[in-house]
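Enquirer: My structure is stored as query_1.txt, with compact mmCIF, C-alpha atoms.
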```txt
# COMPACT_ATOMS: atom_id res chain seq x y z
CA MET A 1 230.08 151.11 164.55
CA SER A 2 229.95 153.23 161.50
CA THR A 3 232.14 156.29 161.16
CA ALA A 4 230.71 157.81 158.00
CA LYS A 5 230.35 161.56 157.87
CA VAL A 6 226.78 162.40 156.99
CA ILE A 7 226.72 166.04 155.92
CA VAL A 8 223.67 168.01 154.84
CA ILE A 9 224.39 170.91 152.48
CA THR A 10 221.86 173.63 153.12
CA SER A 11 221.28 177.38 152.84
CA GLY A 12 217.67 178.40 153.32
CA LYS A 13 217.69 180.61 150.28
CA GLY A 14 217.60 179.05 146.84
CA GLY A 15 220.17 179.63 144.14
CA VAL A 16 223.24 180.14 146.32
CA GLY A 17 225.03 177.03 145.06
CA LYS A 18 223.98 174.08 147.23
CA THR A 19 223.77 171.60 144.37
CA THR A 20 226.98 172.82 142.76
CA THR A 21 228.71 172.54 146.13
CA THR A 22 227.38 169.02 146.71
CA ALA A 23 228.49 167.87 143.26
CA ASN A 24 231.94 169.42 143.50
CA LEU A 25 232.68 168.25 147.03
CA GLY A 26 231.46 164.76 146.13
CA MET A 27 233.75 164.57 143.11
CA ALA A 28 236.71 165.99 145.02
CA LEU A 29 236.26 163.65 147.98
CA ALA A 30 235.88 160.64 145.69
CA SER A 31 239.04 161.62 143.78
CA MET A 32 240.86 161.56 147.13
CA GLY A 33 239.85 157.95 147.66
CA GLU A 34 236.74 158.37 149.81
CA LYS A 35 233.69 156.28 149.05
CA VAL A 36 231.07 158.97 148.55
CA ALA A 37 227.28 158.80 148.30
CA LEU A 38 225.42 161.89 147.11
CA LEU A 39 221.80 162.01 148.10
CA ASP A 40 219.49 164.43 146.31
CA ALA A 41 216.81 165.35 148.84
CA ASP A 42 215.21 167.97 146.60
CA ILE A 43 212.25 165.79 145.67
CA GLY A 44 210.21 167.23 142.81
CA LEU A 45 213.04 169.52 141.69
CA ARG A 46 215.75 167.04 140.77
CA ASN A 47 218.99 168.68 139.65
CA LEU A 48 222.03 167.07 141.21
CA ASP A 49 222.00 164.41 138.46
CA LEU A 50 222.18 167.12 135.82
CA VAL A 51 225.06 168.99 137.43
CA LEU A 52 226.96 165.70 137.70
CA GLY A 53 226.15 164.71 134.11
CA LEU A 54 224.34 161.54 135.23
CA GLU A 55 220.82 162.46 134.13
CA ASN A 56 220.64 159.79 131.42
CA ARG A 57 221.51 156.97 133.74
CA ILE A 58 218.62 157.22 136.21
CA VAL A 59 216.47 154.11 136.45
CA TYR A 60 215.18 154.26 140.02
CA ASP A 61 215.04 157.12 142.48
CA ILE A 62 214.87 157.78 146.22
CA VAL A 63 211.08 157.33 146.39
CA ASP A 64 211.34 153.97 144.57
CA VAL A 65 213.73 152.82 147.30
CA VAL A 66 211.56 154.11 150.13
CA GLU A 67 208.42 152.55 148.68
CA GLY A 68 210.15 149.22 148.11
CA ARG A 69 210.08 149.10 144.29
CA CYS A 70 213.81 148.45 144.15
CA LYS A 71 216.84 147.76 146.31
CA LEU A 72 218.98 150.70 147.45
CA ARG A 73 221.90 149.34 145.45
CA GLN A 74 219.84 149.31 142.26
CA ALA A 75 218.96 152.99 142.63
CA VAL A 76 222.45 154.31 143.38
CA ILE A 77 224.13 155.36 140.12
CA LYS A 78 227.86 154.67 139.99
CA ASP A 79 229.79 157.43 138.26
CA LYS A 80 231.88 155.98 135.45
CA ARG A 81 234.50 158.73 135.72
CA MET A 82 234.86 158.24 139.46
CA GLN A 83 234.19 154.66 140.52
CA ASN A 84 233.70 155.37 144.21
CA LEU A 85 231.09 158.08 143.72
CA GLY A 86 227.42 157.10 143.88
CA LEU A 87 224.30 159.20 143.37
CA LEU A 88 220.89 158.46 144.81
CA PRO A 89 218.68 160.70 142.65
CA ALA A 90 215.58 162.53 143.82
CA ALA A 91 212.18 161.70 142.36
CA GLN A 92 211.02 164.25 139.84
CA THR A 93 207.29 163.61 139.73
CA ARG A 94 206.62 163.48 143.47
CA ASP A 95 206.76 166.06 146.23
CA LYS A 96 208.51 166.57 149.56
CA SER A 97 205.91 164.54 151.46
CA ALA A 98 206.85 161.34 149.56
CA VAL A 99 209.62 160.73 152.10
CA THR A 100 209.49 161.03 155.90
CA PRO A 101 212.36 161.96 158.24
CA GLU A 102 212.30 158.39 159.62
CA GLN A 103 212.75 156.99 156.12
CA MET A 104 215.66 159.37 155.52
CA ILE A 105 217.34 158.16 158.71
CA GLN A 106 216.90 154.57 157.49
CA LEU A 107 218.30 155.41 154.04
CA VAL A 108 221.39 156.98 155.55
CA ALA A 109 221.89 153.98 157.82
CA ASP A 110 221.59 151.65 154.81
CA LEU A 111 224.11 153.71 152.83
CA GLN A 112 226.53 153.47 155.75
CA GLU A 113 226.02 149.71 155.69
CA GLU A 114 227.17 149.79 152.06
CA GLY A 115 230.51 151.16 153.22
CA TYR A 116 230.25 154.82 152.19
CA THR A 117 232.61 157.05 154.17
CA PHE A 118 230.99 160.33 153.14
CA ILE A 119 227.28 160.84 152.59
CA LEU A 120 226.43 164.30 151.28
CA ILE A 121 222.78 165.33 151.31
CA ASP A 122 221.70 168.08 148.94
CA CYS A 123 218.98 169.94 150.82
CA PRO A 124 216.13 171.75 149.06
CA ALA A 125 215.70 175.48 149.56
CA GLY A 126 213.26 176.53 152.24
CA ILE A 127 212.67 175.55 155.85
CA GLU A 128 209.68 173.23 155.57
CA GLN A 129 209.27 169.49 155.14
CA GLY A 130 212.10 169.13 152.63
CA PHE A 131 214.54 170.75 155.05
CA LYS A 132 213.37 168.52 157.89
CA ASN A 133 213.79 165.42 155.72
CA ALA A 134 217.23 166.38 154.50
CA THR A 135 218.54 167.19 157.97
CA ALA A 136 217.00 164.17 159.72
CA GLY A 137 219.76 161.71 158.91
CA ALA A 138 222.70 164.13 159.04
CA ASN A 139 225.24 164.49 161.81
CA GLN A 140 226.91 167.59 160.38
CA ALA A 141 225.88 170.56 158.25
CA ILE A 142 227.45 172.84 155.69
CA VAL A 143 225.68 176.17 155.28
CA VAL A 144 226.29 177.77 151.89
CA THR A 145 225.87 181.51 151.57
CA ASN A 146 226.71 184.28 149.11
CA PRO A 147 228.25 187.55 150.28
CA GLU A 148 224.92 189.31 149.89
CA VAL A 149 222.28 190.43 152.40
CA SER A 150 219.39 188.07 151.75
CA SER A 151 221.37 184.85 151.64
CA VAL A 152 223.31 185.79 154.79
CA ARG A 153 220.05 186.52 156.58
CA ASP A 154 218.67 183.13 155.54
CA ALA A 155 221.93 181.45 156.58
CA ASP A 156 221.49 182.89 160.07
CA ARG A 157 217.98 181.52 160.25
CA ILE A 158 219.14 178.11 159.04
CA VAL A 159 221.83 177.97 161.74
CA GLY A 160 219.11 178.40 164.37
CA LEU A 161 216.92 175.74 162.77
CA LEU A 162 219.83 173.31 162.54
CA GLU A 163 220.35 173.67 166.28
CA ALA A 164 216.68 172.84 166.78
CA GLN A 165 217.29 169.69 164.69
CA ASP A 166 220.19 168.88 167.01
CA ILE A 167 222.90 169.50 164.43
CA GLN A 168 225.56 171.54 166.20
CA ASP A 169 228.51 173.58 164.93
CA PRO A 170 227.58 174.08 161.28
CA LEU A 171 230.35 174.85 158.81
CA LEU A 172 230.15 177.86 156.51
CA ILE A 173 231.02 178.16 152.83
CA VAL A 174 231.00 181.65 151.37
CA ASN A 175 230.27 181.07 147.71
CA ARG A 176 230.53 183.41 144.70
CA LEU A 177 232.89 185.88 146.29
CA ARG A 178 234.15 188.64 144.00
CA PRO A 179 237.51 189.72 145.44
CA LYS A 180 237.67 192.89 143.37
CA MET A 181 234.29 194.09 144.59
CA VAL A 182 235.24 193.33 148.16
CA LYS A 183 238.46 195.27 147.73
CA ASN A 184 236.49 198.23 146.38
CA ASN A 185 234.08 198.07 149.33
CA GLU A 186 231.23 197.11 147.05
CA MET A 187 230.62 193.62 148.41
CA LEU A 188 230.62 192.00 151.83
CA GLY A 189 233.91 190.25 152.53
CA VAL A 190 234.29 186.90 154.25
CA GLU A 191 235.19 188.64 157.51
CA ASP A 192 232.05 190.76 157.28
CA VAL A 193 229.87 187.71 156.78
CA GLN A 194 231.54 185.95 159.68
CA GLU A 195 231.23 188.97 161.93
CA VAL A 196 227.52 189.34 161.21
CA LEU A 197 226.77 185.64 161.68
CA GLY A 198 228.80 185.47 164.89
CA ASN A 199 230.75 182.53 166.20
CA SER A 200 227.89 180.07 165.81
CA VAL A 201 229.40 179.05 162.48
CA LYS A 202 232.92 178.04 161.59
CA LEU A 203 234.36 179.02 158.21
CA LEU A 204 235.02 175.95 156.06
CA GLY A 205 235.83 177.58 152.76
CA ILE A 206 235.65 180.47 150.33
CA VAL A 207 234.69 179.86 146.72
CA PRO A 208 235.27 182.67 144.22
CA ASP A 209 232.68 183.61 141.63
CA ASP A 210 234.00 181.77 138.61
CA GLU A 211 232.74 181.44 135.05
CA SER A 212 234.15 177.94 134.85
CA ILE A 213 231.29 176.85 137.14
CA ILE A 214 228.82 177.80 134.42
CA THR A 215 230.69 175.99 131.65
CA SER A 216 231.33 172.92 133.77
CA THR A 217 227.68 172.74 134.81
CA ASN A 218 226.66 173.07 131.17
CA LYS A 219 228.83 170.07 130.36
CA GLY A 220 227.92 168.06 133.43
CA GLU A 221 231.52 167.93 134.61
CA PRO A 222 232.01 169.43 138.08
CA ALA A 223 234.75 172.08 138.17
CA SER A 224 236.62 170.28 140.94
CA LEU A 225 237.75 167.85 138.22
CA THR A 226 239.30 170.72 136.25
CA GLU A 227 242.84 171.71 137.17
CA GLY A 228 242.73 175.33 136.03
CA SER A 229 239.48 176.34 137.68
CA LYS A 230 239.80 178.58 140.73
CA ALA A 231 236.44 177.51 142.10
CA GLY A 232 237.45 173.90 141.46
CA GLN A 233 240.62 174.47 143.48
CA ALA A 234 238.56 176.01 146.28
CA TYR A 235 236.29 172.95 146.35
CA ARG A 236 239.26 170.59 146.41
CA ASN A 237 240.65 172.55 149.37
CA ILE A 238 237.32 172.25 151.17
CA ALA A 239 237.25 168.50 150.53
CA ARG A 240 240.69 168.18 152.08
CA ARG A 241 239.55 170.13 155.12
CA LEU A 242 236.55 167.81 155.48
CA ARG A 243 238.99 164.92 155.56
CA GLY A 244 240.76 166.57 158.47
CA GLU A 245 243.65 168.26 156.69
CA GLU A 246 244.77 171.77 157.56
CA VAL A 247 244.62 173.74 154.31
CA PRO A 248 245.17 177.51 154.29
CA PHE A 249 242.49 179.63 152.63
CA MET A 250 243.23 180.57 149.02
CA ASN A 251 244.57 184.01 148.30
CA LEU A 252 241.94 185.48 146.03
CA GLU A 253 243.33 188.98 146.03
CA GLU A 254 246.27 188.73 143.68
CA GLU A 255 246.12 189.60 140.01
CA THR A 256 247.57 186.44 138.52
CA SER A 257 248.87 187.22 135.07
CA PHE A 258 251.61 189.67 134.21
CA LEU A 259 249.45 190.92 131.34
CA GLY A 260 246.61 191.57 133.78
CA LYS A 261 248.90 193.60 135.98
CA LEU A 262 250.19 195.55 133.00
CA LYS A 263 246.69 196.25 131.79
CA LYS A 264 245.66 197.39 135.25
CA PHE A 265 248.70 199.68 135.39
CA PHE A 266 247.81 201.40 132.14
CA VAL A 267 244.13 201.65 132.87
CA ALA A 268 244.92 203.16 136.26
CA GLY A 269 247.45 205.52 134.70
CA MET B 270 245.37 201.78 155.05
CA PHE B 271 245.96 205.19 153.54
CA PRO B 272 242.87 205.21 151.28
CA SER B 273 240.65 204.21 154.20
CA PHE B 274 242.19 207.05 156.24
CA LEU B 275 241.38 209.42 153.40
CA GLU B 276 237.87 208.07 153.21
CA LYS B 277 237.38 208.69 156.90
CA LEU B 278 238.69 212.19 156.49
CA LEU B 279 236.20 212.83 153.73
CA GLY B 280 233.42 211.15 155.67
CA LYS B 281 232.84 208.59 152.95
CA SER B 282 233.70 205.47 154.88
CA ASP B 283 230.23 204.33 155.90
CA THR B 284 228.40 205.00 152.67
CA SER B 285 230.08 202.21 150.71
CA ALA B 286 227.78 199.45 149.50
CA LYS B 287 229.70 197.04 151.68
CA SER B 288 229.25 198.84 154.97
CA VAL B 289 225.65 199.71 154.22
CA ALA B 290 225.02 196.01 153.58
CA LYS B 291 226.75 195.09 156.82
CA ASP B 292 224.82 197.61 158.90
CA ARG B 293 221.49 196.58 157.44
CA LEU B 294 222.27 192.92 157.98
CA ARG B 295 223.30 193.47 161.60
CA LEU B 296 220.04 195.19 162.31
CA VAL B 297 217.77 192.76 160.55
CA LEU B 298 219.48 189.77 162.18
CA MET B 299 219.10 191.36 165.60
CA HIS B 300 215.39 191.62 164.95
CA ASP B 301 215.14 188.11 163.48
CA ARG B 302 216.96 186.56 166.39
CA ALA B 303 214.79 188.31 168.95
CA ASP B 304 211.66 186.79 167.55
CA ILE B 305 210.06 184.92 170.45
CA PRO B 306 207.68 182.10 169.54
CA ALA B 307 204.11 182.60 170.77
CA PRO B 308 204.06 179.66 173.23
CA MET B 309 207.25 180.89 174.87
CA MET B 310 205.82 184.39 175.12
CA GLU B 311 202.71 183.02 176.78
CA GLU B 312 204.77 181.03 179.27
CA MET B 313 206.83 184.10 180.04
CA ARG B 314 203.67 186.11 180.58
CA LYS B 315 202.34 183.54 183.04
CA GLU B 316 205.56 183.37 184.99
CA LEU B 317 205.85 187.12 185.15
CA LEU B 318 202.33 187.22 186.49
CA THR B 319 203.10 184.65 189.15
CA VAL B 320 206.13 186.52 190.41
CA LEU B 321 204.57 189.97 190.35
CA SER B 322 201.40 188.76 192.03
CA LYS B 323 203.39 188.08 195.17
CA TYR B 324 203.74 191.81 195.63
CA VAL B 325 200.92 193.48 193.74
CA GLU B 326 197.44 192.65 192.58
CA ILE B 327 197.38 192.78 188.81
CA ASP B 328 194.60 193.32 186.34
CA GLU B 329 195.35 190.06 184.60
CA ALA B 330 193.19 190.65 181.54
CA ALA B 331 194.93 193.90 180.75
CA LEU B 332 198.45 192.58 181.11
CA GLU B 333 200.40 192.98 177.90
CA VAL B 334 203.82 191.62 177.09
CA SER B 335 205.34 192.25 173.70
CA LEU B 336 208.54 192.77 171.80
CA ASP B 337 209.14 196.30 170.76
CA ARG B 338 211.44 197.02 167.86
CA ALA B 339 212.86 200.47 167.58
CA ASP B 340 215.51 201.57 165.12
CA ASP B 341 218.51 199.87 166.62
CA THR B 342 217.24 198.00 169.67
CA VAL B 343 214.87 195.24 170.57
CA ALA B 344 213.12 195.50 173.94
CA LEU B 345 210.69 193.40 175.88
CA MET B 346 207.80 195.70 176.82
CA ALA B 347 205.40 194.82 179.60
CA ASN B 348 202.33 196.85 180.40
CA ILE B 349 201.17 195.78 183.86
CA PRO B 350 198.13 197.55 185.27
CA ILE B 351 198.17 197.29 189.08
CA ARG B 352 194.96 197.19 191.11
CA ARG B 353 196.65 197.55 194.45
CA VAL B 354 199.84 196.77 196.28
CA ARG B 355 199.52 193.85 198.63
CA PRO B 356 199.98 194.80 202.26
CA GLU B 357 202.08 191.72 202.78
CA LYS B 358 203.98 189.50 200.38
CA VAL B 359 201.91 186.44 199.44
CA GLU B 360 204.00 183.28 199.19
CA ALA B 361 201.73 180.96 197.28
CA PRO B 362 201.31 181.34 193.51
CA ALA B 363 198.17 183.40 193.99
CA VAL B 364 197.36 183.70 190.30
CA GLU B 365 196.04 180.22 189.65
CA ALA B 366 194.05 180.24 192.88
CA GLU B 367 192.39 183.51 192.00
CA ALA B 368 191.75 182.48 188.43
CA GLY B 369 190.20 179.24 189.68
CA ALA B 370 187.98 181.11 192.09
CA ALA B 371 186.88 183.50 189.40
CA ALA B 372 185.90 180.62 187.16
CA LYS B 373 183.53 179.35 189.82
```
As structure tokens, please, write out the structure in this file.

Expert:
Amino acid sequence: MSTAKVIVITSGKGGVGKTTTTANLGMALASMGEKVALLDADIGLRNLDLVLGLENRIVYDIVDVVEGRCKLRQAVIKDKRMQNLGLLPAAQTRDKSAVTPEQMIQLVADLQEEGYTFILIDCPAGIEQGFKNATAGANQAIVVTNPEVSSVRDADRIVGLLEAQDIQDPLLIVNRLRPKMVKNNEMLGVEDVQEVLGNSVKLLGIVPDDESIITSTNKGEPASLTEGSKAGQAYRNIARRLRGEEVPFMNLEEETSFLGKLKKFFVAG
Amino acid sequence: MFPSFLEKLLGKSDTSAKSVAKDRLRLVLMHDRADIPAPMMEEMRKELLTVLSKYVEIDEAALEVSLDRADDTVALMANIPIRRVRPEKVEAPAVEAEAGAAAK
């Protein structure tokens, strides 16, 4: 009956940009007219609210819903900037065992009942209970990795574990790419990451390392809302792909400004 | 293209941070992926024993199956001490029968 896309955003390793990715894709999808629910499954280490700038509006959380202290609708925070974006925050004072996989499946079903077309689940780092909870209700997965050995190794492990959870064909986002370093053979390129991971994952997007992510996170305004941000553009492209559009990958190689080119010319000379 | 040709000429191509990272990742993933869970290993050991017992009598207690990881390969190593070769192939899964008899 329901056709909502329920996507878990995961990585294995911590600090690769899962929460940032969830926030930015949620904002971008909502701005394109989708009704989006963001579900923070990182119980005990709540952060998605902060990245979205919604931390002061939390009344109830996911554990309150599961334990029947409030209705689902009461706990979901509606974003004032983006009416069709809702956040179900994680509990901060509980731990991963406060929610079971069965309860997560029920929550996702209830969110679908509410008419959400995209449900994005922000998965905690690690491969234990929190991972099992976050993946339980999902029918698709996005694996976020950085072009760096330890996060790629963890991504490979996660792909195997997703298969065991019956989530096939995960999509890959290579986050924090530094084109210049790749060009100078100092960093793994997207092709390298893909080659190493094999064809078990399909590339969904490439997000450049971008200072605007830091400033936008500081302000609680996801970069995908900002026109000039390269990372924001990358996230908007990914959102369009998730909606089924064919969008070519961004060219991250070019030196954009004339001044930059001139400077490069003189420095090189 | 030209710089990479030069690099090859100078023998520098595979010492870049990028290719070192790639090589190390390839290797470590090969090892990670070849990690066989203990229950599966045990099942494999039993099945191997069943098949081999058709032809040879095996010192079951001394049978060892393990994954061996050398520099750039992963191999399944089996150490199978043979008591004697059976004069004729035995059709039935002799292992369980023998083990049962031994228990009595």

Enquirer: If we count all atoms listed in the file, what is near Leu197 in chain A at a cut-off of 8 Å, once residues fewer than 3 positions away on the same chain are taken out, given as a VMD selection string?

Expert: chain A and resid 152 156 193 to 194 200 to 201

Enquirer: Give me the residues near Arg73 in chain A as a list in words, where near means some atom within 12 Å (using only C-alpha atoms) and where sequence neighbours in that chain fewer than 4 positions away do not count.

Expert: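 Result of the neighbour search: Ala37, Val59, Tyr60, Asp61, Ile62, Asp64, Val65, Arg69, Ile77, Lys78, Gly86, Leu87, Leu88, Leu107, Asp110, Leu111, Glu113, Glu114 and Gly115 of chain A.
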
Enquirer: Tell me as a ChimeraX atom specification which residues belonging to chain B come within 6 Å of chain A, counting only C-alpha atoms.

Expert: /B:285-287,295

Enquirer: Would you mind telling me which residue in B:Asp328, B:Ala290, B:Ala307, B:Asp283 lies nearest to Ser151 in chain A when using all atoms listed in the file?

Expert: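 Between B:Asp328, B:Ala290, B:Ala307, B:Asp283, the residue approaching Ser151 in chain A most closely is B:Ala290.
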
Enquirer: Which neighbours of Val174 in chain A fall inside 7 Å, counting only C-alpha atoms, when residues of the same chain fewer than 2 positions from it are skipped, and could you give them as a PyMOL selection string?

Expert: chain A and resi 144-147+172+176-177+190+205-207

Enquirer: Between A:Met250, A:Val63, A:Leu203, A:Ile173, single out the one closest to Gly17 in chain A, counting only C-alpha atoms.

Expert: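 Smallest separation from Gly17 in chain A among the options: A:Ile173.
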